[in-house]
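Raw protein-v9.pdb, PDB, C-alpha atoms, pLDDT in the B column:
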```
ATOM      1  CA  LYS A   1      88.231 105.496 131.756  1.00 86.00           C
ATOM      2  CA  GLN A   2      86.923 102.670 129.611  1.00 90.00           C
ATOM      3  CA  GLU A   3      89.414  99.963 128.656  1.00 93.00           C
ATOM      4  CA  VAL A   4      88.702  97.038 126.364  1.00 96.00           C
ATOM      5  CA  THR A   5      90.814  93.898 126.469  1.00 97.00           C
ATOM      6  CA  GLN A   6      90.807  90.942 124.103  1.00 97.00           C
ATOM      7  CA  ILE A   7      92.428  87.653 124.953  1.00 92.00           C
ATOM      8  CA  PRO A   8      94.078  85.817 123.310  1.00 92.00           C
ATOM      9  CA  ALA A   9      95.935  88.167 120.963  1.00 94.00           C
ATOM     10  CA  ALA A  10      96.262  85.349 118.440  1.00 96.00           C
ATOM     11  CA  LEU A  11      94.561  82.008 117.911  1.00 95.00           C
ATOM     12  CA  SER A  12      95.129  79.187 115.428  1.00 96.00           C
ATOM     13  CA  VAL A  13      92.637  76.331 115.093  1.00 96.00           C
ATOM     14  CA  PRO A  14      91.951  73.607 112.506  1.00 96.00           C
ATOM     15  CA  GLU A  15      89.087  74.016 110.093  1.00 97.00           C
ATOM     16  CA  GLY A  16      85.700  72.865 111.340  1.00 97.00           C
ATOM     17  CA  GLU A  17      86.213  73.675 115.008  1.00 96.00           C
ATOM     18  CA  ASN A  18      83.861  75.832 117.021  1.00 97.00           C
ATOM     19  CA  LEU A  19      85.641  78.644 118.799  1.00 96.00           C
ATOM     20  CA  VAL A  20      85.090  81.490 121.218  1.00 96.00           C
ATOM     21  CA  LEU A  21      86.747  84.894 121.232  1.00 97.00           C
ATOM     22  CA  ASN A  22      86.706  86.882 124.453  1.00 97.00           C
ATOM     23  CA  CYS A  23      86.329  90.571 125.184  1.00 98.00           C
ATOM     24  CA  SER A  24      86.263  92.352 128.537  1.00 98.00           C
ATOM     25  CA  PHE A  25      85.578  95.993 129.383  1.00 96.00           C
ATOM     26  CA  THR A  26      86.074  97.934 132.585  1.00 95.00           C
ATOM     27  CA  ASP A  27      83.047 100.280 132.630  1.00 91.00           C
ATOM     28  CA  SER A  28      79.684  98.535 132.410  1.00 90.00           C
ATOM     29  CA  ALA A  29      77.866 101.769 131.469  1.00 89.00           C
ATOM     30  CA  ILE A  30      77.924 101.090 127.766  1.00 90.00           C
ATOM     31  CA  TYR A  31      75.497 102.148 125.043  1.00 88.00           C
ATOM     32  CA  ASN A  32      76.327  99.192 122.825  1.00 90.00           C
ATOM     33  CA  LEU A  33      79.029  96.651 122.012  1.00 94.00           C
ATOM     34  CA  GLN A  34      80.099  95.727 118.526  1.00 94.00           C
ATOM     35  CA  TRP A  35      82.228  93.027 116.960  1.00 96.00           C
ATOM     36  CA  PHE A  36      84.193  93.858 113.814  1.00 96.00           C
ATOM     37  CA  ARG A  37      86.245  91.858 111.377  1.00 96.00           C
ATOM     38  CA  GLN A  38      89.360  93.289 109.760  1.00 95.00           C
ATOM     39  CA  ASP A  39      91.290  91.641 106.936  1.00 94.00           C
ATOM     40  CA  PRO A  40      94.998  92.555 106.594  1.00 90.00           C
ATOM     41  CA  GLY A  41      95.454  96.130 105.421  1.00 84.00           C
ATOM     42  CA  LYS A  42      91.711  96.663 105.085  1.00 88.00           C
ATOM     43  CA  GLY A  43      88.995  98.593 106.871  1.00 89.00           C
ATOM     44  CA  LEU A  44      86.460  97.334 109.386  1.00 92.00           C
ATOM     45  CA  THR A  45      83.456  95.150 108.660  1.00 91.00           C
ATOM     46  CA  SER A  46      80.744  95.206 111.313  1.00 91.00           C
ATOM     47  CA  LEU A  47      79.668  91.668 112.252  1.00 95.00           C
ATOM     48  CA  LEU A  48      77.275  92.054 115.152  1.00 95.00           C
ATOM     49  CA  LEU A  49      76.030  94.915 117.317  1.00 92.00           C
ATOM     50  CA  ILE A  50      74.469  94.328 120.727  1.00 93.00           C
ATOM     51  CA  GLN A  51      72.537  97.157 122.367  1.00 90.00           C
ATOM     52  CA  SER A  52      72.995  97.554 126.122  1.00 90.00           C
ATOM     53  CA  SER A  53      69.512  96.149 126.754  1.00 92.00           C
ATOM     54  CA  GLN A  54      70.219  92.970 124.779  1.00 94.00           C
ATOM     55  CA  ARG A  55      71.965  89.767 125.820  1.00 95.00           C
ATOM     56  CA  GLU A  56      72.989  88.356 122.446  1.00 95.00           C
ATOM     57  CA  GLN A  57      72.851  88.685 118.692  1.00 95.00           C
ATOM     58  CA  THR A  58      73.182  86.041 115.997  1.00 96.00           C
ATOM     59  CA  SER A  59      74.116  86.179 112.342  1.00 95.00           C
ATOM     60  CA  GLY A  60      74.659  82.936 110.470  1.00 97.00           C
ATOM     61  CA  ARG A  61      77.499  81.021 112.130  1.00 97.00           C
ATOM     62  CA  LEU A  62      78.249  83.902 114.492  1.00 97.00           C
ATOM     63  CA  ASN A  63      76.765  84.484 117.922  1.00 98.00           C
ATOM     64  CA  ALA A  64      77.760  87.311 120.232  1.00 97.00           C
ATOM     65  CA  SER A  65      76.770  87.536 123.886  1.00 97.00           C
ATOM     66  CA  LEU A  66      76.904  90.436 126.304  1.00 97.00           C
ATOM     67  CA  ASP A  67      77.074  90.370 130.098  1.00 96.00           C
ATOM     68  CA  LYS A  68      77.279  93.976 131.250  1.00 94.00           C
ATOM     69  CA  SER A  69      77.420  93.158 134.942  1.00 93.00           C
ATOM     70  CA  SER A  70      80.632  91.176 134.520  1.00 95.00           C
ATOM     71  CA  GLY A  71      81.992  93.396 131.747  1.00 96.00           C
ATOM     72  CA  ARG A  72      82.311  90.565 129.256  1.00 97.00           C
ATOM     73  CA  SER A  73      81.328  89.656 125.730  1.00 98.00           C
ATOM     74  CA  THR A  74      82.049  86.559 123.685  1.00 97.00           C
ATOM     75  CA  LEU A  75      81.971  85.921 119.958  1.00 97.00           C
ATOM     76  CA  TYR A  76      81.183  82.333 119.096  1.00 97.00           C
ATOM     77  CA  ILE A  77      82.085  81.080 115.619  1.00 97.00           C
ATOM     78  CA  ALA A  78      80.606  77.747 114.636  1.00 97.00           C
ATOM     79  CA  ALA A  79      82.184  75.333 112.149  1.00 97.00           C
ATOM     80  CA  SER A  80      85.137  77.582 111.376  1.00 97.00           C
ATOM     81  CA  GLN A  81      86.376  77.938 107.786  1.00 96.00           C
ATOM     82  CA  PRO A  82      89.682  79.198 106.333  1.00 96.00           C
ATOM     83  CA  GLY A  83      87.790  82.279 105.102  1.00 96.00           C
ATOM     84  CA  ASP A  84      87.158  83.220 108.725  1.00 97.00           C
ATOM     85  CA  SER A  85      90.872  84.003 109.122  1.00 97.00           C
ATOM     86  CA  ALA A  86      91.118  87.682 110.051  1.00 97.00           C
ATOM     87  CA  THR A  87      91.505  89.966 113.045  1.00 97.00           C
ATOM     88  CA  TYR A  88      88.397  90.303 115.188  1.00 98.00           C
ATOM     89  CA  LEU A  89      87.920  93.525 117.118  1.00 97.00           C
ATOM     90  CA  CYS A  90      85.578  94.167 119.999  1.00 97.00           C
ATOM     91  CA  ALA A  91      84.434  97.746 120.578  1.00 95.00           C
ATOM     92  CA  VAL A  92      82.174  99.540 123.038  1.00 94.00           C
ATOM     93  CA  MET A  93      80.345 102.847 122.822  1.00 89.00           C
ATOM     94  CA  GLY A  94      79.650 104.753 126.041  1.00 84.00           C
ATOM     95  CA  TYR A  95      77.211 107.472 126.973  1.00 78.00           C
ATOM     96  CA  SER A  96      79.541 110.460 126.530  1.00 71.00           C
ATOM     97  CA  SER A  97      78.442 113.448 124.451  1.00 61.00           C
ATOM     98  CA  ALA A  98      80.775 112.245 121.728  1.00 66.00           C
ATOM     99  CA  SER A  99      79.671 108.801 120.685  1.00 70.00           C
ATOM    100  CA  LYS A 100      83.210 107.549 120.399  1.00 81.00           C
ATOM    101  CA  ILE A 101      83.998 103.868 120.184  1.00 88.00           C
ATOM    102  CA  ILE A 102      86.680 102.271 122.350  1.00 93.00           C
ATOM    103  CA  PHE A 103      88.347  99.313 120.676  1.00 96.00           C
ATOM    104  CA  GLY A 104      90.251  96.341 121.965  1.00 96.00           C
ATOM    105  CA  SER A 105      93.519  95.393 120.279  1.00 96.00           C
ATOM    106  CA  GLY A 106      91.904  92.454 118.544  1.00 96.00           C
ATOM    107  CA  THR A 107      92.354  88.714 118.263  1.00 97.00           C
ATOM    108  CA  ARG A 108      94.182  87.524 115.155  1.00 97.00           C
ATOM    109  CA  LEU A 109      92.456  84.317 114.080  1.00 97.00           C
ATOM    110  CA  SER A 110      93.977  81.761 111.736  1.00 97.00           C
ATOM    111  CA  ILE A 111      91.957  78.752 110.546  1.00 96.00           C
ATOM    112  CA  ARG A 112      94.170  75.926 109.285  1.00 95.00           C
ATOM    113  CA  PRO A 113      92.787  73.892 106.340  1.00 91.00           C
TER     114      PRO A 113
ATOM    115  CA  GLU B   1      72.414 104.603  99.388  1.00 50.00           C
ATOM    116  CA  THR B   2      76.188 105.031  99.155  1.00 63.00           C
ATOM    117  CA  GLY B   3      78.530 103.924 101.894  1.00 89.00           C
ATOM    118  CA  VAL B   4      81.372 105.787 103.571  1.00 94.00           C
ATOM    119  CA  THR B   5      84.231 106.585 101.221  1.00 95.00           C
ATOM    120  CA  GLN B   6      87.736 107.852 101.944  1.00 96.00           C
ATOM    121  CA  SER B   7      90.476 109.330  99.801  1.00 96.00           C
ATOM    122  CA  PRO B   8      93.217 108.792  99.038  1.00 97.00           C
ATOM    123  CA  THR B   9      93.664 105.049  99.598  1.00 96.00           C
ATOM    124  CA  HIS B  10      97.385 105.307 100.231  1.00 96.00           C
ATOM    125  CA  LEU B  11      99.685 108.245 100.890  1.00 96.00           C
ATOM    126  CA  ILE B  12     103.414 108.630 101.472  1.00 98.00           C
ATOM    127  CA  LYS B  13     104.781 111.773 103.121  1.00 98.00           C
ATOM    128  CA  THR B  14     108.018 112.843 104.777  1.00 98.00           C
ATOM    129  CA  ARG B  15     108.548 114.106 108.300  1.00 98.00           C
ATOM    130  CA  GLY B  16     107.470 117.706 108.819  1.00 97.00           C
ATOM    131  CA  GLN B  17     105.028 117.749 105.931  1.00 98.00           C
ATOM    132  CA  GLN B  18     101.291 118.332 106.187  1.00 98.00           C
ATOM    133  CA  VAL B  19      98.554 115.984 104.989  1.00 98.00           C
ATOM    134  CA  THR B  20      94.804 116.192 104.364  1.00 98.00           C
ATOM    135  CA  LEU B  21      92.614 113.095 104.369  1.00 98.00           C
ATOM    136  CA  ARG B  22      89.025 113.153 103.143  1.00 98.00           C
ATOM    137  CA  CYS B  23      85.873 111.303 104.076  1.00 97.00           C
ATOM    138  CA  SER B  24      82.413 111.278 102.514  1.00 96.00           C
ATOM    139  CA  SER B  25      79.757 110.229 104.959  1.00 93.00           C
ATOM    140  CA  GLN B  26      76.914 107.875 104.247  1.00 89.00           C
ATOM    141  CA  SER B  27      73.750 109.471 102.933  1.00 87.00           C
ATOM    142  CA  GLY B  28      71.547 110.761 105.758  1.00 87.00           C
ATOM    143  CA  HIS B  29      74.316 110.864 108.349  1.00 89.00           C
ATOM    144  CA  ASN B  30      75.265 114.052 110.201  1.00 90.00           C
ATOM    145  CA  THR B  31      78.239 112.896 112.288  1.00 91.00           C
ATOM    146  CA  VAL B  32      81.767 111.888 111.316  1.00 94.00           C
ATOM    147  CA  SER B  33      84.351 110.352 113.644  1.00 94.00           C
ATOM    148  CA  TRP B  34      88.026 109.832 112.871  1.00 96.00           C
ATOM    149  CA  TYR B  35      90.220 107.038 114.212  1.00 96.00           C
ATOM    150  CA  GLN B  36      93.921 106.205 113.966  1.00 97.00           C
ATOM    151  CA  GLN B  37      94.963 102.573 113.828  1.00 97.00           C
ATOM    152  CA  ALA B  38      98.651 101.808 114.273  1.00 95.00           C
ATOM    153  CA  LEU B  39      99.954  98.457 113.103  1.00 91.00           C
ATOM    154  CA  GLY B  40      98.830  95.632 115.394  1.00 89.00           C
ATOM    155  CA  GLN B  41      96.615  97.889 117.503  1.00 93.00           C
ATOM    156  CA  GLY B  42      92.936  98.675 117.707  1.00 94.00           C
ATOM    157  CA  PRO B  43      91.722 102.019 116.315  1.00 95.00           C
ATOM    158  CA  GLN B  44      92.090 105.043 118.608  1.00 96.00           C
ATOM    159  CA  PHE B  45      89.505 107.858 118.632  1.00 94.00           C
ATOM    160  CA  ILE B  46      90.888 111.156 117.291  1.00 96.00           C
ATOM    161  CA  PHE B  47      87.807 113.393 117.229  1.00 94.00           C
ATOM    162  CA  GLN B  48      84.207 113.641 116.124  1.00 92.00           C
ATOM    163  CA  TYR B  49      82.320 116.287 114.154  1.00 93.00           C
ATOM    164  CA  TYR B  50      78.593 116.794 114.562  1.00 90.00           C
ATOM    165  CA  ARG B  51      76.787 119.306 112.374  1.00 87.00           C
ATOM    166  CA  GLU B  52      80.066 121.019 111.439  1.00 90.00           C
ATOM    167  CA  GLU B  53      81.397 121.438 114.990  1.00 91.00           C
ATOM    168  CA  GLU B  54      83.919 119.357 116.947  1.00 91.00           C
ATOM    169  CA  ASN B  55      81.985 117.204 119.387  1.00 88.00           C
ATOM    170  CA  GLY B  56      84.654 115.426 121.384  1.00 88.00           C
ATOM    171  CA  ARG B  57      88.340 114.727 121.050  1.00 92.00           C
ATOM    172  CA  GLY B  58      90.658 111.920 122.032  1.00 91.00           C
ATOM    173  CA  ASN B  59      94.219 112.157 123.302  1.00 92.00           C
ATOM    174  CA  PHE B  60      95.760 113.662 120.165  1.00 96.00           C
ATOM    175  CA  PRO B  61      97.816 116.884 119.907  1.00 96.00           C
ATOM    176  CA  PRO B  62      96.474 120.057 118.273  1.00 96.00           C
ATOM    177  CA  ARG B  63      98.393 119.375 115.077  1.00 98.00           C
ATOM    178  CA  PHE B  64      95.567 116.940 114.348  1.00 98.00           C
ATOM    179  CA  SER B  65      92.647 119.076 113.212  1.00 97.00           C
ATOM    180  CA  GLY B  66      89.488 118.601 111.230  1.00 96.00           C
ATOM    181  CA  LEU B  67      86.612 120.111 109.370  1.00 96.00           C
ATOM    182  CA  GLN B  68      83.092 119.071 108.550  1.00 95.00           C
ATOM    183  CA  PHE B  69      81.299 120.623 105.603  1.00 93.00           C
ATOM    184  CA  PRO B  70      77.596 121.445 105.107  1.00 91.00           C
ATOM    185  CA  ASN B  71      77.155 118.200 103.148  1.00 88.00           C
ATOM    186  CA  TYR B  72      78.602 116.410 106.242  1.00 88.00           C
ATOM    187  CA  SER B  73      81.755 115.265 104.477  1.00 93.00           C
ATOM    188  CA  SER B  74      84.910 115.770 106.514  1.00 96.00           C
ATOM    189  CA  GLU B  75      88.641 116.362 106.368  1.00 97.00           C
ATOM    190  CA  LEU B  76      91.389 115.324 108.759  1.00 98.00           C
ATOM    191  CA  ASN B  77      94.485 117.520 108.667  1.00 98.00           C
ATOM    192  CA  VAL B  78      97.776 116.588 110.270  1.00 98.00           C
ATOM    193  CA  ASN B  79     100.576 119.157 110.459  1.00 97.00           C
ATOM    194  CA  ALA B  80     104.276 118.609 111.138  1.00 97.00           C
ATOM    195  CA  LEU B  81     104.083 114.905 110.412  1.00 98.00           C
ATOM    196  CA  GLU B  82     106.057 112.536 112.633  1.00 98.00           C
ATOM    197  CA  LEU B  83     107.156 108.966 111.950  1.00 97.00           C
ATOM    198  CA  ASP B  84     104.645 107.711 114.558  1.00 97.00           C
ATOM    199  CA  ASP B  85     101.795 109.198 112.518  1.00 98.00           C
ATOM    200  CA  SER B  86     102.200 106.289 110.108  1.00 97.00           C
ATOM    201  CA  ALA B  87      98.932 104.394 110.462  1.00 97.00           C
ATOM    202  CA  LEU B  88      95.599 103.489 108.916  1.00 97.00           C
ATOM    203  CA  TYR B  89      93.175 106.388 109.325  1.00 98.00           C
ATOM    204  CA  LEU B  90      89.543 105.396 109.485  1.00 97.00           C
ATOM    205  CA  CYS B  91      86.498 107.581 109.343  1.00 96.00           C
ATOM    206  CA  ALA B  92      83.042 106.542 110.446  1.00 94.00           C
ATOM    207  CA  SER B  93      79.728 108.252 109.871  1.00 92.00           C
ATOM    208  CA  SER B  94      76.528 107.990 111.858  1.00 88.00           C
ATOM    209  CA  LEU B  95      73.228 109.686 112.521  1.00 87.00           C
ATOM    210  CA  MET B  96      72.930 111.444 115.860  1.00 82.00           C
ATOM    211  CA  THR B  97      69.852 113.118 117.267  1.00 78.00           C
ATOM    212  CA  LYS B  98      69.011 114.397 120.738  1.00 69.00           C
ATOM    213  CA  LEU B  99      67.328 111.113 121.489  1.00 65.00           C
ATOM    214  CA  TYR B 100      69.271 108.555 119.503  1.00 65.00           C
ATOM    215  CA  THR B 101      72.784 107.663 118.410  1.00 70.00           C
ATOM    216  CA  ASP B 102      72.963 105.240 115.534  1.00 73.00           C
ATOM    217  CA  THR B 103      75.817 102.820 114.986  1.00 80.00           C
ATOM    218  CA  GLN B 104      78.893 104.063 113.175  1.00 86.00           C
ATOM    219  CA  TYR B 105      79.643 102.873 109.656  1.00 90.00           C
ATOM    220  CA  PHE B 106      83.316 102.742 108.758  1.00 92.00           C
ATOM    221  CA  GLY B 107      85.061 103.619 105.535  1.00 94.00           C
ATOM    222  CA  PRO B 108      87.885 101.541 104.024  1.00 93.00           C
ATOM    223  CA  GLY B 109      90.600 103.765 105.486  1.00 96.00           C
ATOM    224  CA  THR B 110      93.594 105.733 104.241  1.00 97.00           C
ATOM    225  CA  ARG B 111      97.019 104.187 104.760  1.00 97.00           C
ATOM    226  CA  LEU B 112      99.507 106.970 105.629  1.00 98.00           C
ATOM    227  CA  THR B 113     103.236 106.259 105.604  1.00 97.00           C
ATOM    228  CA  VAL B 114     105.613 108.899 106.972  1.00 98.00           C
ATOM    229  CA  LEU B 115     109.268 108.517 105.955  1.00 97.00           C
TER     230      LEU B 115
END
```
Show how you would write the structure in this file as structure tokens.
Amino acid sequence: KQEVTQIPAALSVPEGENLVLNCSFTDSAIYNLQWFRQDPGKGLTSLLLIQSSQREQTSGRLNASLDKSSGRSTLYIAASQPGDSATYLCAVMGYSSASKIIFGSGTRLSIRP
Amino acid sequence: ETGVTQSPTHLIKTRGQQVTLRCSSQSGHNTVSWYQQALGQGPQFIFQYYREEENGRGNFPPRFSGLQFPNYSSELNVNALELDDSALYLCASSLMTKLYTDTQYFGPGTRLTVL
């Protein structure tokens, strides 16, 4: 049974810092891994999707890496801004007949001005 | 191309009542998945509909049921509501073929409060 863990549950850093969010998963047989952003009370915004054959994806100040063999992914945020404050969710899709996504519980990020 | 939409945005019900949530999938998509997100948790998979048939189910009781229509829109029905059903309900649509499963695109969610 796939389990996705995100540590830490919450993180507070001053504006301008580079930071890394961590995600681990127990079953390396994944179809893809995705990072989402969620603002309070809102839906999910997809940030980056990494296919199982890929090692990383980049979008602007965001870079996500994937190491299937160790069951880990990281989301790197460069030059953090107060607008980056949100909950970041890591999610994996397996190879089951139902393409369900298994989510971690998220890291709540706060960027202090 | 329109995105995934959900209605209503917010809903308040009392214990024992029944509720229907609606989701319109993105144009060109044939699959809808439903997720429940309790406060402070990640979303949990409820079930998925592919071409109008249930195509997988998570660990939710039978009082959670669904439908998918010929236009690929979908409904989530919950009977005999319990306090713990209070959550954000998210739907996601995607395109699935025999050879390929596209990423899922999420709607904004419906916030259900059970009193």
Kindly compute an axis-aligned box around the listed atoms of range 17-36 of chain B, allowing 3 Å on each side, and express its centre and edge lengths in Å to one decimal as AutoDock Vina command-line options.
```
--center_x 88.3 --center_y 112.3 --center_z 108.4 --size_x 39.5 --size_y 18.1 --size_z 17.7
```
What do you get, as a ChimeraX atom specification, if you spell out every residue that the ChimeraX specification (/B :<8) & /A selects here?
/A:42-46,89,97-106
Among the residues A:Leu19, A:Leu49, A:Ala9, A:Ile30, the one that comes closest to Ser69 in chain A [using only C-alpha atoms]:
A:Ile30
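In this model, the gap between CA of His29 in chain B and CA of Gln6 in chain B comes to 15.2 Å.
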Assuming the chain letters and numbering stay as they are in my file, what does the PyMOL selection byres ((chain B and resi 66) around 7) actually select? List them as JSON, numbers by chain.
{"B": [65, 67, 68, 75, 76, 77]}
Between CA of Leu75 in chain A and CA of Gln36 in chain B, what is the distance, to one decimal in Å?
24.3 Å
Evaluating the PyMOL selection byres ((chain A and resi 64) around 10) on the displayed file yields which residues, as an NGL selection string?
:A and (20-22 or 33-35 or 47-50 or 55-59 or 62-63 or 65-66 or 73-77)
For the selection you just gave me, I'd like the residues written to a file as a PDB file, keeping the file's coordinate frame, keeping C-alpha atoms.
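Written out: selection-v4.pdb:
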```
ATOM      1  CA  VAL A  20      85.090  81.490 121.218  1.00 96.00           C
ATOM      2  CA  LEU A  21      86.747  84.894 121.232  1.00 97.00           C
ATOM      3  CA  ASN A  22      86.706  86.882 124.453  1.00 97.00           C
ATOM      4  CA  LEU A  33      79.029  96.651 122.012  1.00 94.00           C
ATOM      5  CA  GLN A  34      80.099  95.727 118.526  1.00 94.00           C
ATOM      6  CA  TRP A  35      82.228  93.027 116.960  1.00 96.00           C
ATOM      7  CA  LEU A  47      79.668  91.668 112.252  1.00 95.00           C
ATOM      8  CA  LEU A  48      77.275  92.054 115.152  1.00 95.00           C
ATOM      9  CA  LEU A  49      76.030  94.915 117.317  1.00 92.00           C
ATOM     10  CA  ILE A  50      74.469  94.328 120.727  1.00 93.00           C
ATOM     11  CA  ARG A  55      71.965  89.767 125.820  1.00 95.00           C
ATOM     12  CA  GLU A  56      72.989  88.356 122.446  1.00 95.00           C
ATOM     13  CA  GLN A  57      72.851  88.685 118.692  1.00 95.00           C
ATOM     14  CA  THR A  58      73.182  86.041 115.997  1.00 96.00           C
ATOM     15  CA  SER A  59      74.116  86.179 112.342  1.00 95.00           C
ATOM     16  CA  LEU A  62      78.249  83.902 114.492  1.00 97.00           C
ATOM     17  CA  ASN A  63      76.765  84.484 117.922  1.00 98.00           C
ATOM     18  CA  SER A  65      76.770  87.536 123.886  1.00 97.00           C
ATOM     19  CA  LEU A  66      76.904  90.436 126.304  1.00 97.00           C
ATOM     20  CA  SER A  73      81.328  89.656 125.730  1.00 98.00           C
ATOM     21  CA  THR A  74      82.049  86.559 123.685  1.00 97.00           C
ATOM     22  CA  LEU A  75      81.971  85.921 119.958  1.00 97.00           C
ATOM     23  CA  TYR A  76      81.183  82.333 119.096  1.00 97.00           C
ATOM     24  CA  ILE A  77      82.085  81.080 115.619  1.00 97.00           C
TER      25      ILE A  77
END
```
Minimum-distance residue to Arg51 in chain B, chosen among B:Ala38, B:Val4, B:Ile12, B:Leu95 (using all atoms listed in the file)
B:Leu95
What's the separation between CA of Cys23 in chain B and CA of Gln38 in chain A, in Å to one decimal place?
19.2 Å
Just the residues within 6 Å of Ser86 in chain B, please, counting all atoms listed in the file, with nothing from its chain fewer than 2 positions along; format it as an mmCIF file with C-alpha atoms, keeping the file's coordinate frame.
```
data_model
loop_
_atom_site.group_PDB
_atom_site.id
_atom_site.type_symbol
_atom_site.label_atom_id
_atom_site.label_comp_id
_atom_site.auth_asym_id
_atom_site.auth_seq_id
_atom_site.Cartn_x
_atom_site.Cartn_y
_atom_site.Cartn_z
ATOM 1 C CA LEU B 83 107.156 108.966 111.950
ATOM 2 C CA ASP B 84 104.645 107.711 114.558
ATOM 3 C CA LEU B 112 99.507 106.970 105.629
ATOM 4 C CA THR B 113 103.236 106.259 105.604
ATOM 5 C CA VAL B 114 105.613 108.899 106.972
#
```
